[in-house]
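Asker: Dropping in target.cif, with mmCIF, C-alpha atoms.
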data_upload
#
loop_
_atom_site.label_atom_id
_atom_site.label_comp_id
_atom_site.auth_asym_id
_atom_site.auth_seq_id
_atom_site.Cartn_x
_atom_site.Cartn_y
_atom_site.Cartn_z
CA MET V 1 -6.08 -23.80 -16.77
CA THR V 2 -8.74 -23.47 -14.07
CA THR V 3 -11.53 -23.05 -16.60
CA ALA V 4 -10.43 -26.10 -18.58
CA ALA V 5 -9.58 -28.31 -15.58
CA ARG V 6 -12.55 -27.51 -13.37
CA LEU V 7 -15.31 -26.60 -15.83
CA ASP V 8 -14.20 -28.33 -19.02
CA ARG V 9 -14.58 -25.04 -20.90
CA ALA V 10 -12.41 -22.75 -22.99
CA ASP V 11 -10.84 -19.72 -21.29
CA LEU V 12 -13.71 -17.36 -22.12
CA ALA V 13 -14.66 -16.01 -18.67
CA PHE V 14 -16.84 -18.95 -17.55
CA ALA V 15 -15.14 -19.38 -14.17
CA ALA V 16 -15.94 -17.37 -11.04
CA LEU V 17 -13.67 -16.32 -8.19
CA SER V 18 -14.81 -19.35 -6.18
CA ASP V 19 -13.66 -21.68 -9.00
CA PHE V 20 -10.27 -19.99 -9.25
CA ALA V 21 -9.82 -19.79 -5.47
CA SER V 22 -10.65 -23.43 -4.77
CA ASN V 23 -8.33 -24.56 -7.55
CA ALA V 24 -5.55 -22.25 -6.31
CA GLN V 25 -5.97 -23.48 -2.73
CA MET V 26 -5.74 -27.10 -3.85
CA ILE V 27 -2.57 -26.43 -5.86
CA ALA V 28 -0.97 -24.21 -3.18
CA ASN V 29 -1.47 -26.92 -0.55
CA LEU V 30 0.17 -29.68 -2.61
CA ASP V 31 3.58 -28.40 -1.52
CA THR V 32 3.71 -25.21 0.53
CA ARG V 33 7.43 -24.80 -0.21
CA ILE V 34 6.56 -23.93 -3.81
CA LEU V 35 5.10 -20.48 -4.34
CA LEU V 36 1.97 -20.28 -6.50
CA ILE V 37 1.22 -17.52 -8.98
CA ALA V 38 -2.46 -17.60 -9.89
CA ASP V 39 -4.51 -16.12 -12.70
CA ALA V 40 -6.99 -13.46 -11.58
CA ASP V 41 -8.48 -12.85 -15.03
CA VAL V 42 -9.90 -9.31 -14.88
CA GLY V 43 -10.53 -9.33 -11.13
CA PHE V 44 -14.05 -10.79 -10.93
CA GLY V 45 -15.92 -7.47 -10.84
CA GLY V 46 -15.40 -3.83 -9.90
CA PRO V 47 -12.88 -2.44 -7.40
CA PRO V 48 -14.52 -3.88 -4.23
CA ASN V 49 -14.63 -7.35 -5.84
CA ILE V 50 -11.01 -7.00 -6.95
CA ALA V 51 -9.91 -6.09 -3.41
CA ARG V 52 -11.88 -9.12 -2.14
CA MET V 53 -10.16 -11.33 -4.73
CA VAL V 54 -6.77 -10.31 -3.33
CA THR V 55 -7.71 -11.22 0.24
CA THR V 56 -9.34 -14.46 -0.94
CA TYR V 57 -6.25 -15.48 -2.90
CA HIS V 58 -4.02 -14.66 0.05
CA SER V 59 -6.12 -16.83 2.37
CA CYS V 60 -5.85 -19.68 -0.18
CA GLY V 61 -2.03 -19.59 -0.06
CA VAL V 62 -1.44 -17.76 -3.34
CA ALA V 63 1.91 -15.95 -3.39
CA GLY V 64 1.12 -13.76 -6.40
CA PHE V 65 -1.42 -13.25 -9.15
CA HIS V 66 -1.72 -11.57 -12.50
CA ILE V 67 -4.67 -9.36 -13.36
CA GLU V 68 -5.49 -8.41 -16.95
CA ASP V 69 -6.56 -5.24 -18.72
CA GLN V 70 -9.16 -6.94 -20.91
CA VAL V 71 -12.88 -6.19 -20.77
CA ALA V 72 -15.01 -8.25 -18.39
CA ASN V 73 -15.95 -10.93 -20.92
CA LYS V 74 -12.29 -11.65 -21.54
CA ARG V 75 -10.74 -14.07 -23.97
CA CYS V 76 -7.66 -16.24 -23.70
CA GLY V 77 -4.60 -14.08 -24.34
CA HIS V 78 -3.68 -16.04 -27.46
CA LEU V 79 -7.07 -15.70 -29.15
CA ARG V 80 -8.12 -13.01 -31.58
CA GLY V 81 -10.92 -10.61 -30.80
CA LYS V 82 -9.68 -9.35 -27.45
CA GLU V 83 -10.73 -5.93 -26.15
CA VAL V 84 -9.07 -3.93 -23.40
CA VAL V 85 -10.55 -1.49 -20.91
CA ASP V 86 -9.59 2.19 -20.95
CA VAL V 87 -6.47 3.19 -19.02
CA GLU V 88 -8.42 4.75 -16.14
CA THR V 89 -10.33 1.50 -15.53
CA TRP V 90 -7.02 -0.38 -15.72
CA LYS V 91 -5.50 1.91 -13.10
CA LEU V 92 -8.55 1.42 -10.86
CA ARG V 93 -8.05 -2.36 -11.05
CA ILE V 94 -4.42 -2.09 -9.96
CA CYS V 95 -5.27 0.38 -7.18
CA ALA V 96 -8.00 -1.99 -5.95
CA CYS V 97 -5.41 -4.79 -5.78
CA VAL V 98 -3.11 -2.59 -3.71
CA ILE V 99 -5.97 -1.57 -1.41
CA GLY V 100 -6.93 -5.23 -0.96
CA ARG V 101 -3.34 -6.14 -0.08
CA ASP V 102 -2.88 -3.16 2.26
CA SER V 103 -6.18 -3.85 4.06
CA MET V 104 -5.07 -7.18 5.50
CA HIS V 105 -4.24 -7.25 9.19
CA GLY V 106 -0.68 -8.21 9.95
CA GLY V 107 0.48 -7.26 6.48
CA CYS V 108 0.56 -9.21 3.26
CA ASP V 109 3.28 -9.75 0.69
CA ILE V 110 1.17 -11.14 -2.16
CA VAL V 111 2.70 -10.06 -5.48
CA ILE V 112 0.55 -8.03 -7.87
CA ILE V 113 1.42 -8.74 -11.51
CA ALA V 114 -0.12 -6.32 -14.02
CA ARG V 115 -0.79 -8.09 -17.29
CA THR V 116 -1.50 -6.21 -20.49
CA ASP V 117 -3.05 -7.68 -23.61
CA ALA V 118 -3.04 -4.26 -25.28
CA LEU V 119 -0.37 -5.09 -27.84
CA ALA V 120 -2.82 -7.25 -29.79
CA VAL V 121 -5.48 -4.53 -29.66
CA GLU V 122 -3.61 -1.25 -29.70
CA GLU V 123 0.11 -0.79 -30.32
CA TYR V 124 3.36 -1.46 -28.52
CA GLU V 125 3.68 2.03 -27.03
CA ALA V 126 0.12 1.95 -25.65
CA ALA V 127 0.75 -1.45 -24.05
CA LEU V 128 3.97 -0.19 -22.53
CA GLU V 129 2.21 2.91 -21.17
CA ARG V 130 -0.29 0.61 -19.45
CA LEU V 131 2.52 -1.21 -17.66
CA VAL V 132 4.10 2.09 -16.59
CA ALA V 133 0.71 3.22 -15.24
CA ALA V 134 0.33 -0.09 -13.37
CA ARG V 135 3.78 0.33 -11.82
CA GLU V 136 2.86 3.85 -10.71
CA CYS V 137 -0.32 2.51 -9.10
CA GLY V 138 1.63 -0.07 -7.08
CA ALA V 139 1.93 -3.22 -9.21
CA ASP V 140 5.01 -5.25 -8.28
CA MET V 141 5.64 -6.82 -11.67
CA GLY V 142 4.61 -6.42 -15.29
CA PHE V 143 3.38 -9.11 -17.67
CA PHE V 144 3.58 -8.16 -21.35
CA GLU V 145 1.42 -10.60 -23.32
CA ALA V 146 2.37 -11.53 -26.90
CA ILE V 147 5.47 -9.38 -27.23
CA GLU V 148 6.86 -9.70 -30.73
CA THR V 149 10.55 -8.76 -30.90
CA GLU V 150 13.75 -8.83 -28.90
CA GLU V 151 13.95 -5.05 -29.28
CA GLN V 152 10.51 -4.66 -27.69
CA ILE V 153 11.59 -6.84 -24.76
CA LYS V 154 14.82 -4.91 -24.19
CA ASN V 155 13.05 -1.56 -24.42
CA ALA V 156 10.30 -2.64 -22.00
CA VAL V 157 12.81 -3.98 -19.47
CA GLN V 158 14.77 -0.71 -19.56
CA LEU V 159 11.72 1.51 -19.29
CA LEU V 160 10.07 -0.48 -16.49
CA ALA V 161 13.20 -1.05 -14.39
CA PRO V 162 13.47 -1.80 -11.56
CA MET V 163 10.04 -3.46 -11.87
CA PRO V 164 10.49 -7.07 -13.07
CA LEU V 165 8.85 -8.01 -16.36
CA ARG V 166 7.43 -11.31 -17.55
CA SER V 167 6.55 -11.78 -21.16
CA LEU V 168 5.07 -14.34 -23.48
CA LEU V 169 5.99 -14.23 -27.12
CA SER V 170 3.29 -13.88 -29.68
CA PRO V 171 2.42 -17.36 -31.03
CA GLY V 172 4.75 -18.27 -33.88
CA LYS V 173 7.40 -15.67 -32.92
CA ARG V 174 10.93 -16.58 -31.88
CA VAL V 175 13.53 -14.38 -30.24
CA SER V 176 17.15 -15.35 -30.72
#
What would you get if you wrote out this structure as structure tokens?
Answerer:
Amino acid sequence: MTTAARLDRADLAFAALSDFASNAQMIANLDTRILLIADADVGFGGPPNIARMVTTYHSCGVAGFHIEDQVANKRCGHLRGKEVVDVETWKLRICACVIGRDSMHGGCDIVIIARTDALAVEEYEAALERLVAARECGADMGFFEAIETEEQIKNAVQLLAPMPLRSLLSPGKRVS
């Protein structure tokens, strides 16, 4: 949304943290009674940049954000050709988010949502393992991109409980 609205570009990693933050701040200030969940793409750099992103988003009024496990030149979650980072890099991203949140004076309750695009690249079990790893690193919520079946959803919810799970169905899929 930010990339399209602010830069008139497809979601192919054109936007920087400053673009996302200014857009998030504008939206968050439209009505402060409504909590904003923002997209953090892949965190805008290595662990120090990711920790900075968390503090920046918090200062902009963002209540929560989702961070992805794709490689740095990410693609929209619904496009083909995505690549994901290795699990250790993924865990470092989540830990950097937690460090960023914990480093703020006076405390911070920004919600860290770990988003995996691994189902399209690897397999269901590998994607699920990424969400378990994110939970163990301190993520507050999971986001399972392009889940395909009701059975997958039920299994993921059971395995990740009590961590909440958000999911988007794979394009063209329907769950009854």
Asker: Return the single residue from V:Gly107, V:Gly142, V:Gly100, V:Gly81 that is closest to Ala120 in chain V, with distances computed using only C-alpha atoms.
Answerer: V:Gly81
Asker: Name the residues that the PyMOL selection byres ((chain V and resi 18-25) around 9) picks from the file above, as an MDAnalysis selection string, using the file's chain letters and numbers.
Answerer: chainID V and resid 2:3 5:7 15:17 26:30 36:40 53 56:57 59:62
Asker: Tell me which residues the PyMOL selection byres ((chain V and resi 86) around 10) grabs here, as a VMD selection string.
Answerer: chain V and resid 69 to 71 83 to 85 87 to 91 130
Asker: Using only C-alpha atoms for the distances, tell me which of V:Leu35, V:Leu159, V:Cys97, V:Leu92 is nearest to Thr55 in chain V.
Answerer: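 Nearest candidate to Thr55 in chain V out of V:Leu35, V:Leu159, V:Cys97, V:Leu92: V:Cys97.
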Asker: Mind pulling up the distance from CA of Ala63 in chain V to CA of Asn49 in chain V?
Answerer: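 CA of Ala63 in chain V lies 18.8 Å from CA of Asn49 in chain V.
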Asker: Would you mind reading off the distance between CA of Val111 in chain V and CA of Ile94 in chain V, one decimal, in Å?
Answerer: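 Separating CA of Val111 in chain V from CA of Ile94 in chain V is a distance of 11.6 Å.
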Asker: Rank nothing, just name the residue among V:Ile67, V:Ile110, V:Ile34, V:Leu128 nearest to Gln158 in chain V, using only C-alpha atoms.
Answerer: V:Leu128
Asker: When the PyMOL selection byres ((chain V and resi 117) around 9) is applied to the structure above, which residues does it catch, written out as JSON, numbers by chain?
Answerer: {"V": [68, 69, 70, 77, 82, 83, 84, 115, 116, 118, 119, 120, 121, 122, 127, 143, 144, 145, 146]}
Asker: In Å to one decimal, how far is CA of His105 in chain V from CA of Ala133 in chain V?
Answerer: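 Distance reported for this atom pair: 27.0 Å.
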Asker: Which one of V:Val42, V:Val54, V:Ile99, V:Ile112 sits closest to Asp140 in chain V if you count only C-alpha atoms?
Answerer: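 For Asp140 in chain V, the nearest of the candidates is V:Ile112.
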Asker: Have a look at V:His58, V:Lys74, V:Arg135, V:Arg33 and name the one nearest to Pro162 in chain V; count only C-alpha atoms.
Answerer: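 Distance minimum relative to Pro162 in chain V lands on V:Arg135.
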Asker: Choose the residue, out of V:Cys108, V:Ile113, V:Ala161, V:Ser103, that has the smallest atom-to-atom separation from Gly43 in chain V; count all atoms listed in the file.
Answerer: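 Selected residue with least distance to Gly43 in chain V: V:Ile113.
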